[in-house]
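Below is protein.cif, holding mmCIF, C-alpha atoms.
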```cif
data_protein
loop_
_atom_site.label_atom_id
_atom_site.label_comp_id
_atom_site.auth_asym_id
_atom_site.auth_seq_id
_atom_site.Cartn_x
_atom_site.Cartn_y
_atom_site.Cartn_z
CA MET A 1 -17.65 11.63 7.07
CA TYR A 2 -18.18 11.42 10.80
CA ARG A 3 -20.47 13.01 13.36
CA TYR A 4 -20.46 13.15 17.16
CA THR A 5 -23.11 11.44 19.22
CA ALA A 6 -24.82 13.54 21.85
CA VAL A 7 -24.31 11.02 24.62
CA GLU A 8 -20.79 9.68 24.25
CA GLU A 9 -19.31 12.53 22.17
CA LEU A 10 -17.35 9.97 20.22
CA PRO A 11 -17.16 10.07 16.41
CA THR A 12 -19.60 7.74 14.67
CA PHE A 13 -18.23 6.10 11.56
CA VAL A 14 -20.34 6.57 8.42
CA ARG A 15 -19.52 5.08 5.00
CA ASP A 16 -20.76 7.95 2.86
CA ARG A 17 -20.43 8.28 -0.91
CA PRO A 18 -16.89 9.75 -0.90
CA THR A 19 -15.80 6.88 1.34
CA VAL A 20 -17.26 4.26 -0.99
CA LEU A 21 -15.63 6.04 -3.93
CA ALA A 22 -12.24 5.98 -2.20
CA TYR A 23 -12.57 2.29 -1.33
CA ALA A 24 -13.49 1.34 -4.91
CA ALA A 25 -10.81 3.53 -6.51
CA LEU A 26 -8.14 2.05 -4.25
CA ALA A 27 -9.20 -1.47 -5.26
CA CYS A 28 -8.83 -0.48 -8.94
CA TRP A 29 -5.33 0.92 -8.42
CA THR A 30 -4.07 -1.98 -6.32
CA THR A 31 -5.23 -4.45 -8.99
CA TRP A 32 -2.57 -2.96 -11.24
CA LEU A 33 -0.06 -2.75 -8.41
CA TYR A 34 -0.32 -6.40 -7.36
CA ALA A 35 -0.52 -7.65 -10.95
CA PHE A 36 2.66 -5.75 -11.85
CA GLY A 37 5.10 -8.44 -10.69
CA PRO A 38 3.41 -11.37 -12.46
CA ALA A 39 2.89 -9.18 -15.54
CA LEU A 40 6.64 -8.45 -15.62
CA ALA A 41 7.37 -12.18 -15.74
CA LEU A 42 5.05 -12.56 -18.72
CA LEU A 43 6.46 -9.46 -20.41
CA ARG A 44 10.00 -10.79 -19.92
CA HIS A 45 8.98 -14.01 -21.66
CA GLU A 46 7.71 -11.97 -24.62
CA LEU A 47 10.57 -9.48 -24.92
CA GLY A 48 13.41 -11.69 -23.68
CA PHE A 49 15.09 -9.19 -21.37
CA SER A 50 17.46 -10.01 -18.49
CA TYR A 51 16.79 -10.22 -14.74
CA THR A 52 18.70 -6.96 -14.34
CA THR A 53 16.27 -5.29 -16.72
CA LEU A 54 13.38 -6.83 -14.82
CA GLY A 55 14.74 -5.22 -11.66
CA ALA A 56 14.93 -1.91 -13.50
CA TYR A 57 11.17 -2.03 -14.13
CA SER A 58 10.52 -2.38 -10.39
CA ALA A 59 12.97 0.42 -9.65
CA LEU A 60 11.17 2.68 -12.14
CA LEU A 61 7.82 1.94 -10.49
CA SER A 62 9.29 2.82 -7.08
CA GLY A 63 11.06 5.84 -8.56
CA GLY A 64 7.81 7.16 -9.95
CA ALA A 65 6.26 6.71 -6.51
CA ALA A 66 9.11 8.68 -4.91
CA VAL A 67 8.71 11.54 -7.41
CA ALA A 68 4.99 11.62 -6.68
CA GLY A 69 5.69 11.77 -2.96
CA ALA A 70 8.14 14.62 -3.44
CA GLY A 71 5.63 16.74 -5.32
CA PHE A 72 2.25 15.80 -3.89
CA ALA A 73 2.05 18.41 -1.14
CA ALA A 74 2.77 21.27 -3.56
CA VAL A 75 0.18 20.00 -6.02
CA ALA A 76 -2.43 19.38 -3.30
CA ARG A 77 -2.11 23.02 -2.18
CA ARG A 78 -3.14 24.20 -5.64
CA VAL A 79 -5.55 21.53 -6.88
CA ALA A 80 -8.80 20.54 -5.20
CA ARG A 81 -9.39 16.93 -4.16
CA GLY A 82 -11.87 16.17 -6.97
CA PRO A 83 -9.74 17.23 -9.96
CA LEU A 84 -6.69 15.67 -8.32
CA LEU A 85 -8.48 12.33 -7.88
CA TRP A 86 -9.94 12.14 -11.37
CA GLY A 87 -6.83 13.55 -13.04
CA SER A 88 -4.54 11.03 -11.34
CA ALA A 89 -6.99 8.21 -12.15
CA LEU A 90 -6.87 9.21 -15.83
CA GLY A 91 -3.08 9.54 -15.80
CA THR A 92 -2.68 6.15 -14.13
CA SER A 93 -4.99 4.55 -16.70
CA LEU A 94 -2.99 6.05 -19.58
CA ALA A 95 0.28 4.86 -17.98
CA ALA A 96 -1.14 1.35 -17.60
CA GLY A 97 -2.17 1.46 -21.26
CA LEU A 98 1.36 2.44 -22.24
CA PHE A 99 2.79 -0.46 -20.23
CA LEU A 100 0.26 -2.95 -21.62
CA LEU A 101 0.26 -1.88 -25.26
CA GLY A 102 3.93 -0.98 -25.65
CA ARG A 103 5.89 -3.38 -27.82
CA GLY A 104 9.40 -2.52 -26.72
CA ILE A 105 11.46 -2.30 -23.56
CA ALA A 106 11.85 1.49 -23.63
CA VAL A 107 8.12 2.20 -24.04
CA THR A 108 7.02 -0.27 -21.38
CA MET A 109 9.66 1.08 -18.98
CA VAL A 110 8.26 4.58 -19.42
CA GLY A 111 4.82 3.13 -18.73
CA ALA A 112 6.10 1.50 -15.53
CA GLY A 113 7.59 4.75 -14.26
CA LEU A 114 4.45 6.75 -15.06
CA LEU A 115 2.33 4.03 -13.46
CA GLY A 116 4.24 4.49 -10.20
CA LEU A 117 3.93 8.28 -10.49
CA GLY A 118 0.22 8.46 -11.28
CA GLY A 119 -0.75 5.61 -8.99
CA THR A 120 1.00 7.14 -5.99
CA VAL A 121 -0.64 10.53 -6.56
CA LEU A 122 -3.96 8.70 -6.72
CA LEU A 123 -3.15 6.72 -3.57
CA ALA A 124 -2.12 9.84 -1.64
CA THR A 125 -5.27 11.63 -2.78
CA LEU A 126 -7.54 8.77 -1.70
CA GLN A 127 -5.81 8.63 1.69
CA ALA A 128 -6.29 12.39 2.03
CA VAL A 129 -9.99 12.09 1.18
CA LEU A 130 -10.49 9.43 3.85
CA SER A 131 -8.49 11.39 6.42
CA ASP A 132 -10.32 14.65 5.63
CA GLY A 133 -13.70 12.96 5.86
CA HIS A 134 -13.21 10.78 8.92
CA GLY A 135 -10.81 12.71 11.13
CA GLU A 136 -10.34 10.84 14.39
CA ARG A 137 -11.83 7.70 12.85
CA ARG A 138 -9.35 7.64 9.96
CA GLU A 139 -7.72 4.43 11.25
CA ARG A 140 -10.94 2.52 10.56
CA ALA A 141 -11.42 4.11 7.14
CA LEU A 142 -7.83 3.40 6.07
CA THR A 143 -8.00 -0.17 7.38
CA GLU A 144 -11.29 -0.89 5.63
CA ALA A 145 -10.02 0.66 2.40
CA ASN A 146 -7.08 -1.70 2.44
CA ILE A 147 -9.38 -4.74 2.65
CA GLY A 148 -10.12 -4.14 -1.03
CA ALA A 149 -6.40 -3.81 -1.67
CA ALA A 150 -5.80 -7.16 0.02
CA ALA A 151 -8.54 -8.76 -2.08
CA SER A 152 -6.79 -7.39 -5.16
CA ALA A 153 -3.53 -8.95 -3.97
CA VAL A 154 -5.21 -12.36 -3.86
CA LEU A 155 -7.31 -12.08 -7.01
CA ALA A 156 -5.13 -10.06 -9.41
CA PRO A 157 -2.37 -12.69 -9.92
CA LEU A 158 -5.00 -15.45 -10.25
CA ALA A 159 -7.01 -13.45 -12.79
CA LEU A 160 -3.84 -12.59 -14.68
CA GLY A 161 -2.84 -16.25 -14.89
CA ALA A 162 -6.31 -17.31 -16.01
CA SER A 163 -6.37 -14.59 -18.64
CA ALA A 164 -2.93 -15.60 -19.88
CA ALA A 165 -3.99 -19.24 -20.16
CA SER A 166 -7.10 -18.31 -22.14
CA GLY A 167 -7.25 -17.02 -25.66
CA LEU A 168 -7.69 -13.46 -24.38
CA GLY A 169 -4.05 -13.05 -23.29
CA TRP A 170 -2.72 -11.66 -20.03
CA ARG A 171 -3.32 -8.02 -20.98
CA ALA A 172 -7.10 -8.39 -21.19
CA VAL A 173 -7.73 -8.61 -17.46
CA LEU A 174 -5.61 -5.51 -16.78
CA VAL A 175 -8.02 -3.38 -18.78
CA LEU A 176 -10.67 -3.90 -16.08
CA PRO A 177 -9.32 -1.30 -13.59
CA ALA A 178 -9.54 1.39 -16.28
CA VAL A 179 -13.12 0.33 -16.96
CA GLY A 180 -13.73 0.54 -13.22
CA PHE A 181 -12.38 4.09 -13.06
CA GLY A 182 -14.66 5.03 -15.95
CA GLY A 183 -17.69 3.65 -14.13
CA LEU A 184 -16.73 5.48 -10.93
CA TRP A 185 -16.35 8.74 -12.84
CA LEU A 186 -19.80 8.39 -14.38
CA ARG A 187 -21.35 7.74 -10.97
CA TYR A 188 -19.38 10.10 -8.71
CA ARG A 189 -18.01 12.87 -10.94
CA HIS A 190 -20.34 15.47 -9.40
CA GLU A 191 -19.86 14.22 -5.83
CA PRO A 192 -18.28 16.89 -3.56
CA LEU A 193 -15.32 15.51 -1.66
CA PRO A 194 -14.28 16.39 1.91
CA VAL A 195 -11.93 19.32 2.35
CA PRO A 196 -8.97 19.52 4.75
CA ALA A 197 -9.90 20.47 8.28
CA ARG A 198 -7.53 23.44 8.12
CA SER A 199 -6.96 25.95 5.38
CA PRO A 200 -4.47 25.08 2.63
CA GLU A 201 -2.27 27.98 3.76
CA ALA A 202 -1.67 26.20 7.06
CA HIS A 203 0.12 23.44 5.24
CA SER A 204 2.80 25.78 3.95
CA ARG A 205 3.87 27.11 7.34
CA GLY A 206 6.59 25.17 9.12
CA GLY A 207 7.44 21.51 8.91
CA ILE A 208 5.77 18.40 10.23
CA PRO A 209 6.23 17.58 13.93
CA LEU A 210 9.01 15.21 14.98
CA ALA A 211 6.54 12.47 15.96
CA CYS A 212 4.87 12.71 12.56
CA GLY A 213 8.23 12.31 10.81
CA MET A 214 9.04 9.24 12.87
CA PHE A 215 5.68 7.70 12.06
CA ALA A 216 6.25 8.46 8.36
CA VAL A 217 9.52 6.52 8.37
CA LEU A 218 7.80 3.75 10.32
CA THR A 219 5.11 3.54 7.61
CA ALA A 220 7.74 3.37 4.88
CA ILE A 221 9.58 0.53 6.63
CA THR A 222 6.35 -1.47 6.96
CA VAL A 223 6.10 -1.37 3.16
CA ALA A 224 9.66 -2.70 2.93
CA VAL A 225 8.82 -5.55 5.32
CA GLU A 226 5.96 -6.62 3.04
CA PHE A 227 7.89 -6.22 -0.22
CA CYS A 228 10.90 -8.24 0.96
CA LEU A 229 8.63 -11.17 1.81
CA VAL A 230 6.81 -10.93 -1.52
CA TYR A 231 9.93 -10.59 -3.67
CA PHE A 232 12.14 -13.22 -2.00
CA GLY A 233 9.70 -15.48 -0.15
CA PRO A 234 9.25 -17.94 -3.04
CA GLN A 235 13.02 -18.33 -3.41
CA LEU A 236 13.35 -19.31 0.25
CA LEU A 237 10.48 -21.80 -0.17
CA VAL A 238 12.43 -23.43 -3.00
CA GLY A 239 15.15 -24.07 -0.43
CA THR A 240 12.70 -26.18 1.58
CA GLY A 241 12.31 -28.59 -1.35
CA MET A 242 9.38 -27.02 -3.20
CA SER A 243 9.48 -26.55 -6.95
CA ALA A 244 9.66 -23.02 -8.30
CA ALA A 245 6.07 -23.22 -9.59
CA ALA A 246 4.77 -24.54 -6.27
CA ALA A 247 6.69 -21.89 -4.35
CA GLY A 248 5.18 -19.13 -6.49
CA THR A 249 1.72 -20.51 -5.87
CA ALA A 250 2.41 -20.89 -2.14
CA LEU A 251 3.07 -17.14 -1.93
CA SER A 252 -0.70 -16.73 -2.16
CA SER A 253 -0.81 -17.90 1.47
CA ASN A 254 0.83 -14.60 2.41
CA TYR A 255 -1.73 -12.64 0.40
CA LEU A 256 -4.53 -14.66 1.97
CA GLY A 257 -3.12 -13.85 5.41
CA ILE A 258 -3.11 -10.15 4.48
CA LEU A 259 -6.76 -10.37 3.45
CA VAL A 260 -7.72 -12.17 6.67
CA GLY A 261 -5.73 -9.68 8.75
CA ARG A 262 -7.35 -6.65 7.14
CA VAL A 263 -10.85 -8.03 7.51
CA GLY A 264 -10.05 -8.56 11.19
CA GLY A 265 -8.51 -5.11 11.41
CA GLY A 266 -11.63 -3.54 9.94
CA TRP A 267 -13.66 -5.22 12.68
CA LEU A 268 -11.26 -4.31 15.51
CA THR A 269 -11.03 -0.64 14.51
CA ARG A 270 -14.78 -0.19 14.89
CA ALA A 271 -13.93 1.22 18.31
CA PRO A 272 -11.70 4.32 18.14
CA GLY A 273 -8.30 4.75 19.76
CA ARG A 274 -6.94 1.24 19.19
CA SER A 275 -4.28 2.09 16.58
CA VAL A 276 -1.25 1.84 18.86
CA VAL A 277 -2.27 -1.42 20.55
CA LEU A 278 -3.24 -3.03 17.25
CA LEU A 279 0.00 -1.86 15.64
CA GLN A 280 2.07 -3.37 18.45
CA ALA A 281 0.11 -6.63 18.17
CA SER A 282 0.58 -6.63 14.38
CA LEU A 283 4.33 -6.26 14.75
CA ALA A 284 4.39 -9.20 17.19
CA VAL A 285 2.33 -11.43 14.88
CA THR A 286 4.48 -10.48 11.90
CA ALA A 287 7.65 -11.34 13.81
CA ALA A 288 6.25 -14.70 14.96
CA GLY A 289 5.14 -15.68 11.47
CA PHE A 290 8.39 -14.56 9.91
CA VAL A 291 10.53 -16.53 12.36
CA LEU A 292 8.52 -19.68 11.60
CA PHE A 293 8.93 -19.07 7.87
CA TRP A 294 12.60 -18.09 8.12
CA LEU A 295 13.90 -20.87 10.31
CA SER A 296 11.77 -23.75 9.04
CA GLY A 297 13.41 -26.22 6.68
CA ALA A 298 10.14 -27.93 5.72
CA PRO A 299 7.50 -26.64 3.26
CA VAL A 300 4.37 -26.86 5.41
CA PRO A 301 5.55 -24.83 8.43
CA ALA A 302 7.23 -22.36 6.10
CA VAL A 303 3.96 -21.76 4.24
CA VAL A 304 2.09 -21.47 7.54
CA GLY A 305 4.67 -18.93 8.64
CA LEU A 306 4.05 -16.91 5.47
CA PHE A 307 0.32 -16.91 6.21
CA VAL A 308 0.81 -15.78 9.82
CA ALA A 309 3.26 -13.09 8.71
CA GLY A 310 0.64 -11.90 6.22
CA VAL A 311 -1.94 -11.60 9.01
CA GLY A 312 0.50 -9.42 10.92
CA VAL A 313 1.71 -7.35 7.96
CA ALA A 314 -1.89 -6.67 6.89
CA ASN A 315 -2.52 -3.68 9.14
CA LEU A 316 0.98 -2.29 9.58
CA TYR A 317 0.60 0.22 6.73
CA PRO A 318 -2.93 1.56 7.39
CA LEU A 319 -2.45 1.80 11.15
CA SER A 320 0.94 3.49 10.97
CA LEU A 321 -0.38 5.87 8.29
CA SER A 322 -3.26 6.82 10.58
CA LEU A 323 -0.65 7.76 13.20
CA VAL A 324 1.18 9.88 10.61
CA LEU A 325 -1.92 11.85 9.69
CA GLY A 326 -3.11 12.09 13.29
CA ALA A 327 0.19 13.66 14.36
CA ALA A 328 0.45 16.05 11.37
CA GLU A 329 -1.13 19.03 13.20
CA GLY A 330 -2.52 20.74 10.09
CA HIS A 331 0.19 19.50 7.73
CA GLU A 332 -1.63 16.38 6.56
CA ASP A 333 -0.81 16.78 2.86
CA VAL A 334 2.88 17.35 3.62
CA ALA A 335 2.95 14.33 5.94
CA ASN A 336 1.11 12.19 3.38
CA ALA A 337 3.53 13.25 0.65
CA ARG A 338 6.66 12.61 2.70
CA THR A 339 5.34 9.20 3.68
CA GLN A 340 4.88 8.24 0.03
CA LEU A 341 8.35 9.62 -0.81
CA ALA A 342 9.94 7.60 1.97
CA ALA A 343 7.96 4.50 1.00
CA GLY A 344 9.10 4.78 -2.61
CA VAL A 345 12.75 5.04 -1.60
CA VAL A 346 12.68 2.35 1.07
CA SER A 347 10.63 -0.11 -1.00
CA ALA A 348 13.26 0.12 -3.72
CA ALA A 349 16.31 0.04 -1.43
CA ALA A 350 15.34 -2.72 1.02
CA PRO A 351 14.77 -5.54 -1.52
CA TYR A 352 17.98 -4.51 -3.29
CA LEU A 353 19.89 -4.69 0.01
CA LEU A 354 18.36 -8.06 0.85
CA GLY A 355 19.32 -9.38 -2.59
CA SER A 356 22.88 -8.13 -2.17
CA LEU A 357 23.16 -9.80 1.23
CA ALA A 358 21.74 -13.01 -0.26
CA ASP A 359 24.32 -12.98 -3.06
CA ALA A 360 27.12 -12.53 -0.53
CA TYR A 361 26.00 -14.76 2.35
CA GLY A 362 23.06 -16.84 1.14
CA LEU A 363 19.34 -16.11 1.02
CA ARG A 364 18.54 -17.34 4.54
CA ALA A 365 21.23 -15.07 5.96
CA GLY A 366 20.05 -12.22 3.74
CA PHE A 367 16.60 -12.51 5.26
CA GLY A 368 18.19 -11.44 8.51
CA LEU A 369 17.36 -7.95 7.26
CA GLU A 370 13.69 -8.54 8.12
CA PRO A 371 14.14 -8.72 11.93
CA VAL A 372 16.20 -5.54 11.72
CA LEU A 373 13.36 -3.81 9.86
CA LEU A 374 10.78 -5.04 12.36
CA LEU A 375 12.91 -3.89 15.28
CA GLY A 376 13.27 -0.52 13.57
CA CYS A 377 9.48 -0.32 13.32
CA LEU A 378 9.10 -0.93 17.05
CA VAL A 379 11.79 1.62 17.96
CA LEU A 380 10.22 4.27 15.70
CA LEU A 381 6.76 3.57 17.09
CA LEU A 382 7.90 3.96 20.71
CA ALA A 383 10.04 7.01 19.91
CA GLY A 384 7.20 8.61 17.96
CA LEU A 385 4.74 8.06 20.80
CA ARG A 386 7.23 9.58 23.23
CA ALA A 387 7.83 12.59 20.98
CA ARG A 388 4.06 13.08 20.54
CA ARG A 389 3.57 13.18 24.30
#
```

Now that the file is in, can you turn its structure into structure tokens?
Amino acid sequence: MYRYTAVEELPTFVRDRPTVLAYAALACWTTWLYAFGPALALLRHELGFSYTTLGAYSALLSGGAAVAGAGFAAVARRVARGPLLWGSALGTSLAAGLFLLGRGIAVTMVGAGLLGLGGTVLLATLQAVLSDGHGERRERALTEANIGAAASAVLAPLALGASAASGLGWRAVLVLPAVGFGGLWLRYRHEPLPVPARSPEAHSRGGIPLACGMFAVLTAITVAVEFCLVYFGPQLLVGTGMSAAAAGTALSSNYLGILVGRVGGGWLTRAPGRSVVLLQASLAVTAAGFVLFWLSGAPVPAVVGLFVAGVGVANLYPLSLSLVLGAAEGHEDVANARTQLAAGVVSAAAPYLLGSLADAYGLRAGFGLEPVLLLGCLVLLLAGLRARR
């Protein structure tokens, strides 16, 4: 929640109980999200399916996210924040259980799709709770919340590998987020959550403003920028002379950069009104790091480039999402839902397009898609700011 000081009349940021709940719940969800890729590699080793099938799992996760985005606004008009949060947390936990405990391709694929569906409803709900509670200071709340997500990105693959190497097996560590949700429910189940600033009926009248729509597409493209680096970065590192195992490990430099960037973003957003400047700076840092990674033929500068790109990518999503919700003009749930829908579609399409370009012209040439995406982000940001004015 936030309050206004008597002297400066600026919102004071307060980490109340709903805020802490949202931060912790997001960390639980993103543990599953960032462990999904490494878990697929281990599942493929067990079930012996093809790379095409592996790609289908990722497409189902993104497809579930798109379905959630398409329906979230309608559901949020009818269901209060509390039941929506706990219901989606339960559904996501059951979907994760289906993916983890299933012993066939069909069952685990269903689990992957439901994981994307339930997890995205949960994500949109948590973002709505933070936006409802913090209003003009939402950029700080969203940035701080994603620090936990970045920590999950670093720790989840490491914990998964350690669990797989032990006698427990790789599935054991992925039970922990469900345990976390259970603990949060016991502690916060009676906690009232913030309500939207405007009545739910306001969300059903008219569409979102043009600027809000531009910012929503911008947010979706920032997700694609991150996913393309994560999915294909190790393959480009192999081209610098690294082994496949070393390249996979070196990808952690990108995750570490994301963690560093989000910690810095949490500090920089302590003062309100910096979203646009920080977003422009983040795009510049991302571009600089990517160019170093993309054009380098040696391992060390390429890994450094991945780290720098991670620092830049870190705050693209939370800052652009804060612009979406700030420009929604009473249609926050609709804007939130359309952002998740766009992100689900773009995060599935962009890596597929990059892979197709790589097959046709080579991976380094295929990565030429990244500068186009970054330029699109800048154009949408400037156009959205102009439309908002």

When you look at Gly118 (chain A) with a cut-off of 6 Å (counting all atoms listed in the file), what residues show up, excluding the ones that are within fewer than 4 positions of it in the same chain? I need them as a list in words. Ser88, Gly91, Thr92 and Leu114 of chain A

Nearest residue to Gly116 (chain A) from the set A:Trp170, A:Tyr57, A:Phe13, A:Tyr361 (distances using only C-alpha atoms):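 Looking only at the distances to Gly116 (chain A), the closest residue turns out to be A:Tyr57.
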
Taking the file as shown, what set of residues would the PyMOL selection byres ((chain A and resi 232) around 9) give back, as a PyMOL selection string? chain A and resi 227-231+233-237+351+354-355+363+367

Can you work out the spacing between CA of Val107 (chain A) and CA of Val346 (chain A) in Å, to one decimal?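 CA of Val346 (chain A) lies at a distance of 25.5 Å from CA of Val107 (chain A).
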
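With only C-alpha atoms as the basis for measurement, A:Leu193 is the residue among A:Ala66, A:Pro83, A:Leu193, A:Thr125 that approaches Thr19 (chain A) most closely.
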
Please output region 102-123 of chain A, rebuilt to include N, CA and C atoms, as a PDB file, in the frame of the given file.
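Full text of rebuild.pdb as output:
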```
ATOM      1  N   GLY A 102       2.593  -1.199 -25.108  1.00  0.00           N
ATOM      2  CA  GLY A 102       3.930  -0.980 -25.650  1.00  0.00           C
ATOM      3  C   GLY A 102       4.550  -2.273 -26.150  1.00  0.00           C
ATOM      4  N   ARG A 103       5.299  -2.186 -27.225  1.00  0.00           N
ATOM      5  CA  ARG A 103       5.890  -3.380 -27.820  1.00  0.00           C
ATOM      6  C   ARG A 103       7.418  -3.387 -27.763  1.00  0.00           C
ATOM      7  N   GLY A 104       7.966  -2.561 -26.892  1.00  0.00           N
ATOM      8  CA  GLY A 104       9.400  -2.520 -26.720  1.00  0.00           C
ATOM      9  C   GLY A 104       9.768  -2.242 -25.284  1.00  0.00           C
ATOM     10  N   ILE A 105      11.019  -2.493 -24.938  1.00  0.00           N
ATOM     11  CA  ILE A 105      11.460  -2.300 -23.560  1.00  0.00           C
ATOM     12  C   ILE A 105      11.361  -0.838 -23.147  1.00  0.00           C
ATOM     13  N   ALA A 106      11.829   0.073 -24.006  1.00  0.00           N
ATOM     14  CA  ALA A 106      11.850   1.490 -23.630  1.00  0.00           C
ATOM     15  C   ALA A 106      10.444   2.011 -23.352  1.00  0.00           C
ATOM     16  N   VAL A 107       9.489   1.687 -24.208  1.00  0.00           N
ATOM     17  CA  VAL A 107       8.120   2.200 -24.040  1.00  0.00           C
ATOM     18  C   VAL A 107       7.485   1.628 -22.782  1.00  0.00           C
ATOM     19  N   THR A 108       7.635   0.342 -22.562  1.00  0.00           N
ATOM     20  CA  THR A 108       7.020  -0.270 -21.380  1.00  0.00           C
ATOM     21  C   THR A 108       7.702   0.201 -20.096  1.00  0.00           C
ATOM     22  N   MET A 109       8.991   0.517 -20.155  1.00  0.00           N
ATOM     23  CA  MET A 109       9.660   1.080 -18.980  1.00  0.00           C
ATOM     24  C   MET A 109       9.098   2.460 -18.632  1.00  0.00           C
ATOM     25  N   VAL A 110       8.874   3.271 -19.656  1.00  0.00           N
ATOM     26  CA  VAL A 110       8.260   4.580 -19.420  1.00  0.00           C
ATOM     27  C   VAL A 110       6.880   4.398 -18.790  1.00  0.00           C
ATOM     28  N   GLY A 111       6.130   3.423 -19.303  1.00  0.00           N
ATOM     29  CA  GLY A 111       4.820   3.130 -18.730  1.00  0.00           C
ATOM     30  C   GLY A 111       4.915   2.737 -17.272  1.00  0.00           C
ATOM     31  N   ALA A 112       5.932   1.927 -16.919  1.00  0.00           N
ATOM     32  CA  ALA A 112       6.100   1.500 -15.530  1.00  0.00           C
ATOM     33  C   ALA A 112       6.392   2.693 -14.621  1.00  0.00           C
ATOM     34  N   GLY A 113       7.270   3.580 -15.067  1.00  0.00           N
ATOM     35  CA  GLY A 113       7.590   4.750 -14.260  1.00  0.00           C
ATOM     36  C   GLY A 113       6.393   5.666 -14.071  1.00  0.00           C
ATOM     37  N   LEU A 114       5.632   5.899 -15.158  1.00  0.00           N
ATOM     38  CA  LEU A 114       4.450   6.750 -15.060  1.00  0.00           C
ATOM     39  C   LEU A 114       3.347   6.088 -14.249  1.00  0.00           C
ATOM     40  N   LEU A 115       3.306   4.753 -14.282  1.00  0.00           N
ATOM     41  CA  LEU A 115       2.330   4.030 -13.460  1.00  0.00           C
ATOM     42  C   LEU A 115       2.606   4.269 -11.978  1.00  0.00           C
ATOM     43  N   GLY A 116       3.881   4.204 -11.583  1.00  0.00           N
ATOM     44  CA  GLY A 116       4.240   4.490 -10.200  1.00  0.00           C
ATOM     45  C   GLY A 116       3.932   5.930  -9.820  1.00  0.00           C
ATOM     46  N   LEU A 117       4.178   6.855 -10.747  1.00  0.00           N
ATOM     47  CA  LEU A 117       3.930   8.280 -10.490  1.00  0.00           C
ATOM     48  C   LEU A 117       2.435   8.550 -10.321  1.00  0.00           C
ATOM     49  N   GLY A 118       1.649   8.180 -11.336  1.00  0.00           N
ATOM     50  CA  GLY A 118       0.220   8.460 -11.280  1.00  0.00           C
ATOM     51  C   GLY A 118      -0.490   7.696 -10.187  1.00  0.00           C
ATOM     52  N   GLY A 119      -0.101   6.433 -10.004  1.00  0.00           N
ATOM     53  CA  GLY A 119      -0.750   5.610  -8.990  1.00  0.00           C
ATOM     54  C   GLY A 119      -0.500   6.116  -7.587  1.00  0.00           C
ATOM     55  N   THR A 120       0.688   6.640  -7.335  1.00  0.00           N
ATOM     56  CA  THR A 120       1.000   7.140  -5.990  1.00  0.00           C
ATOM     57  C   THR A 120       0.295   8.454  -5.716  1.00  0.00           C
ATOM     58  N   VAL A 121       0.166   9.319  -6.734  1.00  0.00           N
ATOM     59  CA  VAL A 121      -0.640  10.530  -6.560  1.00  0.00           C
ATOM     60  C   VAL A 121      -2.080  10.157  -6.253  1.00  0.00           C
ATOM     61  N   LEU A 122      -2.600   9.168  -6.978  1.00  0.00           N
ATOM     62  CA  LEU A 122      -3.960   8.700  -6.720  1.00  0.00           C
ATOM     63  C   LEU A 122      -4.085   8.136  -5.303  1.00  0.00           C
ATOM     64  N   LEU A 123      -3.128   7.308  -4.909  1.00  0.00           N
ATOM     65  CA  LEU A 123      -3.150   6.720  -3.570  1.00  0.00           C
ATOM     66  C   LEU A 123      -3.121   7.800  -2.494  1.00  0.00           C
TER      67      LEU A 123
END
```
